[in-house]
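What follows is structure-v3.pdb (PDB, C-alpha atoms).
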```
ATOM      1  CA  MET A   1     -47.268 -90.751 150.951
ATOM      2  CA  SER A   2     -44.407 -88.426 152.025
ATOM      3  CA  ASN A   3     -43.092 -88.336 155.590
ATOM      4  CA  PHE A   4     -44.227 -84.709 155.733
ATOM      5  CA  ASN A   5     -47.862 -85.658 155.083
ATOM      6  CA  GLN A   6     -47.642 -88.667 157.438
ATOM      7  CA  LYS A   7     -46.524 -86.419 160.264
ATOM      8  CA  LYS A   8     -49.412 -84.068 159.604
ATOM      9  CA  ARG A   9     -51.904 -86.950 159.742
ATOM     10  CA  GLN A  10     -50.477 -88.039 163.094
ATOM     11  CA  ARG A  11     -51.133 -84.668 164.720
ATOM     12  CA  THR A  12     -53.957 -84.440 167.209
ATOM     13  CA  GLU A  13     -56.375 -81.633 166.569
ATOM     14  CA  THR A  14     -58.895 -80.005 168.858
ATOM     15  CA  PRO A  15     -62.334 -81.306 167.851
ATOM     16  CA  GLU A  16     -64.327 -78.398 169.252
ATOM     17  CA  PHE A  17     -65.649 -76.270 166.411
ATOM     18  CA  GLN A  18     -65.696 -73.233 168.666
ATOM     19  CA  ARG A  19     -61.922 -73.097 168.784
ATOM     20  CA  ARG A  20     -61.914 -72.511 165.042
ATOM     21  CA  VAL A  21     -64.249 -69.525 165.260
ATOM     22  CA  SER A  22     -62.550 -66.152 165.423
ATOM     23  CA  ALA A  23     -63.682 -63.404 167.764
ATOM     24  CA  ALA A  24     -64.727 -61.372 164.734
ATOM     25  CA  SER A  25     -66.924 -64.163 163.411
ATOM     26  CA  LEU A  26     -68.922 -64.347 166.633
ATOM     27  CA  SER A  27     -70.129 -60.774 166.158
ATOM     28  CA  ALA A  28     -70.556 -60.828 162.377
ATOM     29  CA  ILE A  29     -73.723 -59.451 160.815
ATOM     30  CA  VAL A  30     -75.588 -61.847 158.526
ATOM     31  CA  ASN A  31     -76.351 -59.314 155.771
ATOM     32  CA  PRO A  32     -73.172 -57.582 154.522
ATOM     33  CA  GLU A  33     -73.259 -53.943 153.568
ATOM     34  CA  PRO A  34     -72.946 -53.271 149.832
ATOM     35  CA  ASP A  35     -69.625 -51.981 148.545
ATOM     36  CA  ASN A  36     -70.471 -49.157 146.156
ATOM     37  CA  ASN A  37     -66.806 -48.514 145.328
ATOM     38  CA  THR A  38     -66.173 -51.899 143.752
ATOM     39  CA  PRO A  39     -65.960 -51.740 139.940
ATOM     40  CA  SER A  40     -68.995 -53.349 138.357
ATOM     41  CA  PHE A  41     -68.683 -56.332 136.017
ATOM     42  CA  GLN A  42     -70.871 -58.878 134.324
ATOM     43  CA  PRO A  43     -70.776 -62.587 135.245
ATOM     44  CA  SER A  44     -68.744 -64.657 132.817
ATOM     45  CA  PRO A  45     -70.956 -66.482 130.305
ATOM     46  CA  THR A  46     -68.191 -69.073 129.806
ATOM     47  CA  PHE A  47     -68.430 -70.367 133.386
ATOM     48  CA  PRO A  48     -72.120 -71.312 133.735
ATOM     49  CA  LEU A  49     -71.299 -74.196 136.062
ATOM     50  CA  CYS A  50     -69.954 -71.978 138.854
ATOM     51  CA  ASN A  51     -71.914 -70.686 141.807
ATOM     52  CA  ASN A  52     -71.515 -67.263 143.393
ATOM     53  CA  ASN A  53     -68.268 -68.304 145.046
ATOM     54  CA  ASN A  54     -66.748 -69.439 141.738
ATOM     55  CA  ILE A  55     -66.843 -73.060 142.906
ATOM     56  CA  LEU A  56     -67.359 -75.556 140.105
ATOM     57  CA  LEU A  57     -70.635 -77.392 140.650
ATOM     58  CA  GLU A  58     -69.936 -80.321 138.336
ATOM     59  CA  ALA A  59     -67.137 -81.650 136.182
ATOM     60  CA  ARG A  60     -66.795 -80.416 132.627
ATOM     61  CA  PRO A  61     -67.154 -83.069 129.918
ATOM     62  CA  GLN A  62     -64.107 -84.279 128.100
ATOM     63  CA  SER A  63     -63.437 -82.489 124.826
ATOM     64  CA  PRO A  64     -64.550 -84.571 121.809
ATOM     65  CA  VAL A  65     -61.563 -83.378 119.797
ATOM     66  CA  ARG A  66     -57.855 -83.319 120.559
ATOM     67  CA  LEU A  67     -56.380 -79.842 120.270
ATOM     68  CA  GLU A  68     -52.708 -78.880 120.444
ATOM     69  CA  GLN A  69     -51.706 -76.434 123.175
ATOM     70  CA  ASN A  70     -50.702 -74.068 120.362
ATOM     71  CA  ILE A  71     -48.825 -74.214 117.073
ATOM     72  CA  PHE A  72     -45.520 -74.599 118.954
ATOM     73  CA  GLY A  73     -46.794 -77.481 121.085
ATOM     74  CA  THR A  74     -46.271 -75.830 124.476
ATOM     75  CA  ARG A  75     -48.539 -74.053 126.947
ATOM     76  CA  PRO A  76     -47.284 -70.483 127.449
ATOM     77  CA  ALA A  77     -46.943 -69.260 131.019
ATOM     78  CA  GLU A  78     -49.486 -66.739 132.248
ATOM     79  CA  ASP A  79     -48.036 -63.230 132.300
ATOM     80  CA  ILE A  80     -49.177 -62.596 135.888
ATOM     81  CA  VAL A  81     -47.441 -65.782 137.094
ATOM     82  CA  ARG A  82     -44.258 -64.835 135.258
ATOM     83  CA  VAL A  83     -44.341 -61.320 136.764
ATOM     84  CA  VAL A  84     -44.751 -62.700 140.299
ATOM     85  CA  ALA A  85     -42.060 -65.349 139.731
ATOM     86  CA  ASP A  86     -39.595 -62.734 138.427
ATOM     87  CA  PHE A  87     -40.428 -60.408 141.341
ATOM     88  CA  ILE A  88     -39.833 -63.105 143.960
ATOM     89  CA  PHE A  89     -36.712 -64.450 142.230
ATOM     90  CA  THR A  90     -35.185 -60.961 141.997
ATOM     91  CA  HIS A  91     -35.793 -59.938 145.601
ATOM     92  CA  MET A  92     -35.431 -63.318 147.280
ATOM     93  CA  LYS A  93     -31.746 -63.602 146.362
ATOM     94  CA  ASP A  94     -29.967 -65.810 148.896
ATOM     95  CA  ARG A  95     -31.535 -64.261 151.990
ATOM     96  CA  THR A  96     -31.871 -66.814 154.778
ATOM     97  CA  ASN A  97     -34.192 -64.943 157.174
ATOM     98  CA  ILE A  98     -36.803 -64.110 154.592
ATOM     99  CA  GLU A  99     -40.542 -63.626 154.987
ATOM    100  CA  ILE A 100     -42.803 -63.927 151.935
ATOM    101  CA  GLU A 101     -46.492 -63.108 152.313
ATOM    102  CA  GLY A 102     -49.519 -62.509 150.164
ATOM    103  CA  LYS A 103     -52.041 -60.125 151.718
ATOM    104  CA  LEU A 104     -55.680 -59.540 150.846
ATOM    105  CA  GLY A 105     -57.041 -56.012 150.985
ATOM    106  CA  ARG A 106     -57.840 -53.000 148.839
ATOM    107  CA  LEU A 107     -55.725 -50.720 146.673
ATOM    108  CA  VAL A 108     -56.877 -47.212 147.522
ATOM    109  CA  ASP A 109     -56.282 -43.893 145.786
ATOM    110  CA  LYS A 110     -54.392 -41.644 148.210
ATOM    111  CA  LYS A 111     -56.251 -38.521 147.073
ATOM    112  CA  THR A 112     -59.839 -39.794 147.090
ATOM    113  CA  GLY A 113     -59.585 -42.512 149.724
ATOM    114  CA  GLN A 114     -61.593 -44.787 147.406
ATOM    115  CA  ARG A 115     -60.579 -48.075 145.821
ATOM    116  CA  ILE A 116     -58.775 -47.482 142.534
ATOM    117  CA  ASN A 117     -60.639 -48.130 139.286
ATOM    118  CA  LEU A 118     -58.248 -48.783 136.401
ATOM    119  CA  PRO A 119     -59.343 -49.255 132.760
ATOM    120  CA  VAL A 120     -58.647 -52.998 132.801
ATOM    121  CA  VAL A 121     -60.946 -56.021 133.046
ATOM    122  CA  SER A 122     -58.566 -58.602 134.513
ATOM    123  CA  GLU A 123     -56.000 -58.839 137.309
ATOM    124  CA  THR A 124     -53.030 -56.549 136.739
ATOM    125  CA  ALA A 125     -49.713 -56.066 138.534
ATOM    126  CA  LEU A 126     -48.954 -52.372 139.052
ATOM    127  CA  ALA A 127     -45.647 -51.054 137.786
ATOM    128  CA  ASP A 128     -46.210 -47.649 139.401
ATOM    129  CA  ASP A 129     -48.184 -47.492 142.627
ATOM    130  CA  ARG A 130     -46.942 -44.184 144.007
ATOM    131  CA  GLY A 131     -50.453 -42.704 144.049
ATOM    132  CA  THR A 132     -51.993 -45.647 145.885
ATOM    133  CA  ARG A 133     -51.826 -47.325 149.253
ATOM    134  CA  PHE A 134     -52.733 -50.864 150.203
ATOM    135  CA  GLU A 135     -55.191 -51.336 153.057
ATOM    136  CA  SER A 136     -54.622 -54.792 154.541
ATOM    137  CA  ASP A 137     -58.134 -54.999 155.913
ATOM    138  CA  MET A 138     -61.540 -56.467 155.096
ATOM    139  CA  THR A 139     -65.083 -56.187 156.370
ATOM    140  CA  LEU A 140     -66.287 -58.099 159.390
ATOM    141  CA  GLN A 141     -68.588 -60.106 157.118
ATOM    142  CA  GLN A 142     -65.735 -61.082 154.790
ATOM    143  CA  HIS A 143     -63.631 -62.128 157.770
ATOM    144  CA  ALA A 144     -66.420 -64.340 159.113
ATOM    145  CA  MET A 145     -67.019 -65.825 155.663
ATOM    146  CA  PHE A 146     -63.353 -66.804 155.268
ATOM    147  CA  ASN A 147     -63.405 -68.257 158.788
ATOM    148  CA  LYS A 148     -66.348 -70.470 157.822
ATOM    149  CA  LEU A 149     -64.868 -71.388 154.441
ATOM    150  CA  LEU A 150     -61.486 -72.410 155.852
ATOM    151  CA  ASN A 151     -63.154 -74.399 158.632
ATOM    152  CA  GLN A 152     -65.061 -76.310 155.972
ATOM    153  CA  ARG A 153     -61.817 -77.118 154.176
ATOM    154  CA  VAL A 154     -60.328 -78.465 157.427
ATOM    155  CA  ASP A 155     -63.313 -80.792 157.816
ATOM    156  CA  GLU A 156     -63.193 -81.853 154.150
ATOM    157  CA  THR A 157     -59.510 -82.819 154.340
ATOM    158  CA  ARG A 158     -60.226 -84.955 157.424
ATOM    159  CA  ARG A 159     -62.564 -87.261 155.551
ATOM    160  CA  PRO A 160     -61.237 -90.807 155.032
ATOM    161  CA  GLU A 161     -61.702 -90.595 151.267
ATOM    162  CA  PHE A 162     -59.632 -87.386 150.981
ATOM    163  CA  ARG A 163     -56.295 -88.107 149.288
ATOM    164  CA  GLY A 164     -54.614 -84.678 149.319
ATOM    165  CA  SER A 165     -52.636 -82.810 151.964
ATOM    166  CA  ARG A 166     -54.576 -82.294 155.160
ATOM    167  CA  ILE A 167     -55.140 -78.859 156.661
ATOM    168  CA  VAL A 168     -54.443 -78.324 160.350
ATOM    169  CA  TYR A 169     -55.304 -75.238 162.338
ATOM    170  CA  LYS A 170     -54.045 -73.429 165.407
ATOM    171  CA  HIS A 171     -55.770 -70.681 167.390
ATOM    172  CA  THR A 172     -53.395 -68.213 169.054
ATOM    173  CA  ARG A 173     -53.840 -64.998 171.004
ATOM    174  CA  GLU A 174     -50.747 -62.846 171.085
ATOM    175  CA  VAL A 175     -49.688 -59.302 171.932
ATOM    176  CA  ASP A 176     -47.069 -57.362 169.967
ATOM    177  CA  HIS A 177     -45.139 -54.571 171.696
ATOM    178  CA  PHE A 178     -43.139 -52.303 169.392
ATOM    179  CA  TYR A 179     -40.143 -50.344 170.664
ATOM    180  CA  ARG A 180     -37.860 -47.800 169.014
ATOM    181  CA  MET A 181     -34.308 -48.310 170.244
ATOM    182  CA  ASP A 182     -31.242 -46.700 168.690
ATOM    183  CA  GLY A 183     -33.215 -46.058 165.517
ATOM    184  CA  THR A 184     -34.316 -49.701 165.234
ATOM    185  CA  ARG A 185     -37.948 -50.771 165.409
ATOM    186  CA  ILE A 186     -38.141 -53.907 167.571
ATOM    187  CA  ARG A 187     -41.167 -56.178 167.899
ATOM    188  CA  VAL A 188     -41.602 -58.252 171.039
ATOM    189  CA  THR A 189     -44.376 -60.860 170.738
ATOM    190  CA  LYS A 190     -45.840 -62.496 173.832
ATOM    191  CA  ASP A 191     -48.534 -65.061 174.494
ATOM    192  CA  LYS A 192     -51.546 -63.085 175.685
ATOM    193  CA  GLU A 193     -52.513 -65.528 178.426
ATOM    194  CA  SER A 194     -49.188 -66.749 179.821
ATOM    195  CA  GLY A 195     -47.014 -63.732 178.993
ATOM    196  CA  GLU A 196     -44.375 -66.056 177.551
ATOM    197  CA  ILE A 197     -42.066 -64.385 175.039
ATOM    198  CA  ILE A 198     -42.590 -65.941 171.612
ATOM    199  CA  SER A 199     -40.193 -63.871 169.503
ATOM    200  CA  VAL A 200     -38.070 -60.717 169.441
ATOM    201  CA  ILE A 201     -37.358 -59.507 165.918
ATOM    202  CA  THR A 202     -36.682 -56.516 163.749
ATOM    203  CA  LYS A 203     -38.143 -56.518 160.256
ATOM    204  CA  THR A 204     -36.735 -54.794 157.174
ATOM    205  CA  LYS A 205     -38.880 -54.236 154.106
ATOM    206  CA  VAL A 206     -37.376 -55.602 150.900
ATOM    207  CA  ALA A 207     -40.079 -55.092 148.248
ATOM    208  CA  ASP A 208     -43.844 -55.049 147.551
ATOM    209  CA  LEU A 209     -45.861 -56.022 144.481
ATOM    210  CA  ASN A 210     -49.476 -54.846 144.210
ATOM    211  CA  ILE A 211     -51.995 -56.740 142.072
ATOM    212  CA  TYR A 212     -55.260 -55.028 141.167
ATOM    213  CA  SER A 213     -58.210 -57.411 140.746
ATOM    214  CA  PRO A 214     -61.175 -55.528 139.205
ATOM    215  CA  ARG A 215     -63.491 -58.548 139.047
ATOM    216  CA  THR A 216     -63.325 -59.239 142.787
ATOM    217  CA  LYS A 217     -63.969 -57.364 146.021
ATOM    218  CA  LEU A 218     -60.340 -57.553 147.183
ATOM    219  CA  ASP A 219     -56.883 -56.947 145.745
ATOM    220  CA  ILE A 220     -53.533 -58.604 146.497
ATOM    221  CA  ARG A 221     -50.200 -57.399 147.797
ATOM    222  CA  ILE A 222     -47.137 -59.651 147.827
ATOM    223  CA  THR A 223     -44.497 -58.581 150.323
ATOM    224  CA  ILE A 224     -40.932 -59.680 150.932
ATOM    225  CA  ASN A 225     -39.279 -58.793 154.219
ATOM    226  CA  GLU A 226     -36.072 -59.746 155.967
ATOM    227  CA  GLU A 227     -36.333 -60.663 159.646
ATOM    228  CA  LYS A 228     -33.558 -60.670 162.219
ATOM    229  CA  THR A 229     -33.867 -62.319 165.627
ATOM    230  CA  LEU A 230     -32.674 -60.197 168.540
ATOM    231  CA  GLU A 231     -32.023 -60.576 172.251
ATOM    232  CA  MET A 232     -34.724 -59.381 174.607
ATOM    233  CA  PRO A 233     -34.176 -55.611 175.055
ATOM    234  CA  ASP A 234     -34.465 -53.628 178.272
ATOM    235  CA  THR A 235     -38.134 -52.750 178.000
ATOM    236  CA  GLU A 236     -38.394 -51.283 181.489
ATOM    237  CA  ALA A 237     -36.502 -48.173 180.401
ATOM    238  CA  HIS A 238     -38.519 -47.766 177.198
ATOM    239  CA  LYS A 239     -42.196 -47.221 176.558
ATOM    240  CA  PRO A 240     -43.711 -49.155 173.633
ATOM    241  CA  ILE A 241     -44.607 -46.964 170.677
ATOM    242  CA  LEU A 242     -47.385 -49.339 169.634
ATOM    243  CA  VAL A 243     -49.261 -52.328 171.054
ATOM    244  CA  ARG A 244     -51.262 -54.810 168.956
ATOM    245  CA  HIS A 245     -53.547 -57.564 170.221
ATOM    246  CA  LYS A 246     -53.815 -60.425 167.708
ATOM    247  CA  ASP A 247     -56.523 -63.095 167.692
ATOM    248  CA  ARG A 248     -55.288 -65.439 164.962
ATOM    249  CA  LEU A 249     -56.429 -68.649 163.318
ATOM    250  CA  SER A 250     -53.710 -70.306 161.247
ATOM    251  CA  TYR A 251     -54.632 -72.957 158.683
ATOM    252  CA  LYS A 252     -51.554 -74.840 157.481
ATOM    253  CA  GLN A 253     -51.259 -76.991 154.377
ATOM    254  CA  ASP A 254     -47.945 -78.119 152.895
ATOM    255  CA  ILE A 255     -45.571 -75.120 153.001
ATOM    256  CA  TRP A 256     -48.352 -72.536 153.359
ATOM    257  CA  SER A 257     -49.979 -70.874 156.362
ATOM    258  CA  PHE A 258     -53.307 -69.096 155.843
ATOM    259  CA  ASP A 259     -53.498 -66.627 158.742
ATOM    260  CA  LEU A 260     -56.884 -65.106 159.558
ATOM    261  CA  THR A 261     -56.384 -62.413 162.175
ATOM    262  CA  GLN A 262     -58.314 -59.787 164.078
ATOM    263  CA  VAL A 263     -55.888 -57.050 165.156
ATOM    264  CA  ILE A 264     -56.761 -54.485 167.808
ATOM    265  CA  SER A 265     -54.439 -51.512 168.276
ATOM    266  CA  PRO A 266     -55.425 -49.444 171.328
ATOM    267  CA  GLU A 267     -55.122 -45.662 171.372
ATOM    268  CA  HIS A 268     -51.463 -44.677 171.504
ATOM    269  CA  GLU A 269     -49.160 -41.680 171.303
ATOM    270  CA  ILE A 270     -47.590 -40.912 167.940
ATOM    271  CA  GLY A 271     -44.425 -39.172 166.896
ATOM    272  CA  PRO A 272     -41.188 -38.607 168.830
ATOM    273  CA  VAL A 273     -41.430 -37.297 172.356
ATOM    274  CA  ASN A 274     -40.515 -33.598 172.535
ATOM    275  CA  PRO A 275     -39.459 -32.673 176.089
ATOM    276  CA  TYR A 276     -40.117 -28.987 175.371
ATOM    277  CA  ALA A 277     -43.622 -29.468 173.954
ATOM    278  CA  THR A 278     -46.604 -28.134 175.842
ATOM    279  CA  GLY A 279     -50.086 -29.546 176.021
ATOM    280  CA  PRO A 280     -51.214 -33.154 175.676
ATOM    281  CA  PRO A 281     -49.268 -35.478 173.344
ATOM    282  CA  LYS A 282     -50.684 -36.372 169.940
ATOM    283  CA  THR A 283     -52.487 -39.687 169.912
ATOM    284  CA  ALA A 284     -53.757 -42.142 167.300
ATOM    285  CA  PRO A 285     -57.241 -43.577 167.885
ATOM    286  CA  ALA A 286     -57.888 -47.249 168.589
ATOM    287  CA  VAL A 287     -58.134 -49.326 165.409
ATOM    288  CA  THR A 288     -59.522 -52.810 164.722
ATOM    289  CA  THR A 289     -58.640 -54.560 161.463
ATOM    290  CA  HIS A 290     -59.490 -57.951 159.990
ATOM    291  CA  GLU A 291     -56.717 -59.498 157.938
ATOM    292  CA  LEU A 292     -56.072 -62.567 155.815
ATOM    293  CA  GLU A 293     -52.517 -63.372 154.818
ATOM    294  CA  LEU A 294     -50.885 -66.294 153.071
ATOM    295  CA  GLU A 295     -47.417 -66.793 154.499
ATOM    296  CA  VAL A 296     -44.757 -69.123 153.163
ATOM    297  CA  ALA A 297     -44.224 -71.177 156.325
ATOM    298  CA  GLN A 298     -41.213 -72.994 154.856
ATOM    299  CA  PRO A 299     -39.356 -70.436 152.694
ATOM    300  CA  GLU A 300     -36.318 -72.711 152.558
ATOM    301  CA  VAL A 301     -38.217 -74.903 150.068
ATOM    302  CA  TRP A 302     -38.621 -71.967 147.697
ATOM    303  CA  LEU A 303     -35.056 -70.795 148.322
ATOM    304  CA  ALA A 304     -33.745 -74.219 147.319
ATOM    305  CA  GLU A 305     -35.625 -74.034 144.022
ATOM    306  CA  ARG A 306     -34.278 -70.541 143.389
ATOM    307  CA  ALA A 307     -30.745 -71.857 143.831
ATOM    308  CA  LYS A 308     -31.475 -74.472 141.151
ATOM    309  CA  VAL A 309     -32.684 -71.737 138.778
ATOM    310  CA  ALA A 310     -29.507 -69.732 139.375
ATOM    311  CA  ALA A 311     -27.449 -72.868 138.701
ATOM    312  CA  ASN A 312     -29.442 -73.558 135.508
ATOM    313  CA  LYS A 313     -30.701 -76.877 136.883
ATOM    314  CA  PRO A 314     -34.166 -78.466 136.605
ATOM    315  CA  ASN A 315     -36.408 -76.841 139.230
ATOM    316  CA  ASN A 316     -39.948 -76.238 140.473
ATOM    317  CA  PHE A 317     -39.616 -72.509 141.119
ATOM    318  CA  HIS A 318     -42.301 -71.581 138.601
ATOM    319  CA  GLU A 319     -44.633 -74.324 139.865
ATOM    320  CA  ILE A 320     -44.364 -73.111 143.476
ATOM    321  CA  THR A 321     -45.063 -69.562 142.305
ATOM    322  CA  HIS A 322     -48.097 -70.797 140.381
ATOM    323  CA  ILE A 323     -49.486 -72.530 143.502
ATOM    324  CA  PHE A 324     -48.750 -69.505 145.717
ATOM    325  CA  LEU A 325     -50.540 -67.113 143.373
ATOM    326  CA  GLY A 326     -53.297 -69.657 142.724
ATOM    327  CA  ASN A 327     -54.076 -69.786 146.447
ATOM    328  CA  LEU A 328     -54.326 -66.006 146.612
ATOM    329  CA  LYS A 329     -56.533 -65.826 143.522
ATOM    330  CA  ALA A 330     -58.799 -68.570 144.866
ATOM    331  CA  LEU A 331     -59.265 -66.575 148.074
ATOM    332  CA  VAL A 332     -60.056 -63.189 146.484
ATOM    333  CA  LYS A 333     -62.556 -64.822 144.105
ATOM    334  CA  ARG A 334     -64.470 -66.116 147.122
ATOM    335  CA  ALA A 335     -64.660 -62.760 148.902
ATOM    336  CA  ILE A 336     -68.268 -61.603 149.314
TER     337      ILE A 336
END
```

How would this structure read if it were set down as structure tokens?
Amino acid sequence: MSNFNQKKRQRTETPEFQRRVSAASLSAIVNPEPDNNTPSFQPSPTFPLCNNNNILLEARPQSPVRLEQNIFGTRPAEDIVRVVADFIFTHMKDRTNIEIEGKLGRLVDKKTGQRINLPVVSETALADDRGTRFESDMTLQQHAMFNKLLNQRVDETRRPEFRGSRIVYKHTREVDHFYRMDGTRIRVTKDKESGEIISVITKTKVADLNIYSPRTKLDIRITINEEKTLEMPDTEAHKPILVRHKDRLSYKQDIWSFDLTQVISPEHEIGPVNPYATGPPKTAPAVTTHELELEVAQPEVWLAERAKVAANKPNNFHEITHIFLGNLKALVKRAI
């Protein structure tokens, strides 16, 4: 067993189940509302052993015949994995303060406001997404379902007979204050209860990749950002342009962090302040969203493999990409 896994097993975890229940889950409705905008599809006849959550109910029997992978003797890489690997390799470069995330949500047509419906029957990476926007949100029922599902996985990995990497969780309540200073958008994150400053950063978008998934309720967006740590600014002389309250449950396994978050953004003023304007300022209404993101908690592991690719050395870059995308696909297939 690696030292990394041994350290995780030595951690003490809060036994109370209530601490792993998000605020959204406590108010969830049992019967979810139907989503009439989701493209219809027929269940796969080739997976009769799966339940409604695509979980295999029993092991498949061993094939009675030995078949070659193909005439060339190798298993070809899936196109979607290759596309994601190329995307991450291209935009990762040698950035040290990099953030890589996979978000669950819906790809929406900007004109109609409805989820897009492309003439495809399997997951597809979009080459041109100018007419769409990605809504990083889900229903309250989906949020509660993922909360329950991830809690179950925590319990399953705690069993003595479990031999894989354990999952540990952490429940945090934080407040983000956003400021615009000298043209830079600065985020100051504080602990909601103690007021302790957790981080002060500015984030720069590098690239996005949208993946449409017509056979599931949710789509995927992979984002790459560059973060820069800053000194605490003089916030007394500046009013925050946005405040976000985050109730987050983080489930960590290996180099991944599955972050289930309820975000509340109170009503706030929008646009630059015009000293000559008359009348009340324009405001944006309060918004509550429910998000699920898969963040690479240890990007240096992936960066090291990228360096090996660039040096034409044996590497696990493709394997890490496969696991990253596999986690995202496993989540969207379980969305109710």

Tell me, as a list in words, which residues lie within 10 Å of Val296 in chain A, counting all atoms listed in the file; anything in the same chain fewer than 2 positions away does not count. Ile98, Glu99, Ile100, Glu101, Gly102, Lys252, Asp254, Ile255, Trp256, Ser257, Phe258, Glu293, Leu294, Gln298, Pro299, Glu300, Val301, Trp302 and Phe324 of chain A

For Pro214 in chain A, which of A:Met92, A:Lys333, A:Arg82, A:Leu67 is the closest residue, counting only C-alpha atoms?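 Among the listed residues, the smallest separation from Pro214 in chain A belongs to A:Lys333.
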
Nearest candidate to Val200 in chain A (options A:Ser213, A:His177, A:Thr157, A:Ile220; using all atoms listed in the file):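 The closest residue to Val200 in chain A is A:His177.
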
Using only C-alpha atoms, can you tell me which of A:Lys93, A:Lys246, A:Arg180, A:Arg106 comes closest to Asn210 in chain A?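 Selected residue with least distance to Asn210 in chain A: A:Arg106.
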
Mind listing whatever residues come within 12 Å of the point (-51.3, -44.2, 135.8)? Use only C-alpha atoms, file coordinates, and give them as a ChimeraX atom specification. /A:109,116-120,126-132

Starting from the shown file, work through the PyMOL selection byres ((chain A and resi 242) around 8) and note down what comes out as a count of residues only. 9

Output of the PyMOL selection byres ((chain A and resi 306-322) around 8), listed as a list in words: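 Taken over the shown coordinates, the PyMOL selection byres ((chain A and resi 306-322) around 8) returns Val81, Arg82, Val84, Ala85, Phe89, Lys93, Asp94, Trp302, Leu303, Ala304, Glu305, Ile323, Phe324, Leu325 and Gly326 of chain A.
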
Show me, as a count of residues only, the residues that have an atom within 10 Å of His245 in chain A when counting only C-alpha atoms, minus same-chain residues fewer than 5 positions from it. 16
